[in-house]
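Here's the structure we're looking at; comments come further down.
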Amino acid sequence: MKKTVWTSFGVALVLVFAISEVGYYFTGIYVDVLLRVALVFGVTMGATIFATSIDLIQNLEKEKPLSGNVRDTLGADRRKD
(Lines give C-alpha, C1' and ligand atoms only; values in the text may rest on other atoms or scores of the structure.)
Protein backbone atom coordinates (compact mmCIF):
# COMPACT_ATOMS: atom_id res chain seq x y z
CA MET A 1 0.00 0.00 0.00
CA LYS A 2 2.81 2.43 0.84
CA LYS A 3 4.43 1.71 -2.49
CA THR A 4 1.22 2.61 -4.33
CA VAL A 5 0.83 5.87 -2.43
CA TRP A 6 4.43 6.97 -2.97
CA THR A 7 4.36 5.97 -6.63
CA SER A 8 1.14 7.88 -7.30
CA PHE A 9 2.53 10.88 -5.38
CA GLY A 10 5.71 10.93 -7.45
CA VAL A 11 3.92 10.52 -10.76
CA ALA A 12 1.36 13.20 -9.88
CA LEU A 13 4.07 15.59 -8.73
CA VAL A 14 6.08 15.26 -11.93
CA LEU A 15 3.07 15.34 -14.27
CA VAL A 16 1.28 18.28 -12.65
CA PHE A 17 4.38 20.45 -12.56
CA ALA A 18 5.44 19.45 -16.09
CA ILE A 19 1.99 20.07 -17.56
CA SER A 20 1.70 23.44 -15.83
CA GLU A 21 5.14 24.55 -17.05
CA VAL A 22 4.44 23.44 -20.62
CA GLY A 23 1.05 25.16 -20.46
CA TYR A 24 2.68 28.37 -19.25
CA TYR A 25 5.28 28.19 -22.01
CA PHE A 26 2.73 27.76 -24.81
CA THR A 27 -0.28 29.72 -23.53
CA GLY A 28 1.13 32.18 -21.02
CA ILE A 29 -1.39 31.09 -18.36
CA TYR A 30 0.36 30.69 -15.01
CA VAL A 31 -0.90 28.04 -12.59
CA ASP A 32 -0.11 29.01 -9.00
CA VAL A 33 1.99 26.66 -6.89
CA LEU A 34 -0.79 26.30 -4.32
CA LEU A 35 -3.14 24.99 -7.02
CA ARG A 36 -0.43 22.63 -8.23
CA VAL A 37 0.06 21.22 -4.74
CA ALA A 38 -3.71 20.82 -4.35
CA LEU A 39 -3.87 18.89 -7.64
CA VAL A 40 -1.01 16.62 -6.56
CA PHE A 41 -2.75 15.97 -3.24
CA GLY A 42 -6.05 15.23 -4.97
CA VAL A 43 -4.50 12.78 -7.42
CA THR A 44 -2.62 11.05 -4.60
CA MET A 45 -5.76 10.69 -2.47
CA GLY A 46 -7.75 9.39 -5.43
CA ALA A 47 -5.11 6.77 -6.22
CA THR A 48 -5.00 5.78 -2.54
CA ILE A 49 -8.77 5.29 -2.43
CA PHE A 50 -8.72 3.21 -5.62
CA ALA A 51 -5.81 1.07 -4.37
CA THR A 52 -7.52 0.50 -1.02
CA SER A 53 -10.75 -0.49 -2.77
CA ILE A 54 -8.93 -2.99 -4.97
CA ASP A 55 -7.18 -4.49 -1.91
CA LEU A 56 -10.49 -4.83 -0.07
CA ILE A 57 -12.16 -6.51 -3.03
CA GLN A 58 -9.27 -8.96 -3.44
CA ASN A 59 -9.35 -9.82 0.27
CA LEU A 60 -13.13 -10.24 0.15
CA GLU A 61 -12.73 -13.03 -2.39
CA LYS A 62 -10.36 -14.87 -0.01
CA GLU A 63 -12.83 -14.73 2.88
CA LYS A 64 -14.47 -18.02 3.85
CA PRO A 65 -17.95 -18.19 5.33
CA LEU A 66 -18.32 -19.42 8.89
CA SER A 67 -19.95 -22.79 9.21
CA GLY A 68 -21.44 -24.17 12.36
CA ASN A 69 -24.70 -24.99 14.04
CA VAL A 70 -26.33 -21.58 13.80
CA ARG A 71 -30.08 -21.96 13.26
CA ASP A 72 -30.71 -18.72 11.40
CA THR A 73 -28.14 -19.10 8.63
CA LEU A 74 -29.61 -18.09 5.29
CA GLY A 75 -26.80 -19.23 3.01
CA ALA A 76 -25.98 -22.48 1.26
CA ASP A 77 -24.21 -23.86 4.34
CA ARG A 78 -27.48 -24.20 6.27
CA ARG A 79 -28.30 -27.74 7.32
CA LYS A 80 -31.48 -29.16 5.90
CA ASP A 81 -33.59 -30.59 8.77
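Starting from 1 in every chain, residues are counted up; chains themselves are A, B, ... following the order of the C-alpha coordinates, and ligands are numbered from 1 as listed.
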
Give me the residues within 12 Å of A:Leu39 as JSON, numbers by chain, counting only C-alpha atoms and dropping any in the same chain fewer than 2 places off. {"A": [9, 11, 12, 13, 14, 15, 16, 17, 19, 20, 31, 32, 33, 34, 35, 36, 37, 41, 42, 43, 44, 45, 46]}

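Using only C-alpha atoms, the protein and nucleic acid residues lying no more than 12 Å from A:Ala51, apart from those fewer than 2 places from it along its own chain, are Met1, Lys2, Lys3, Thr4, Val5, Trp6, Thr7, Ser8, Thr44, Met45, Gly46, Ala47, Thr48, Ile49, Ser53, Ile54, Asp55, Leu56, Ile57 and Gln58 of chain A.
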
Quick one: pull the distance between atom CA of A:Tyr25 and atom CA of A:Gly10, Å, one decimal.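 Answer for the atom CA of A:Tyr25 to atom CA of A:Gly10 separation: 22.6 Å.
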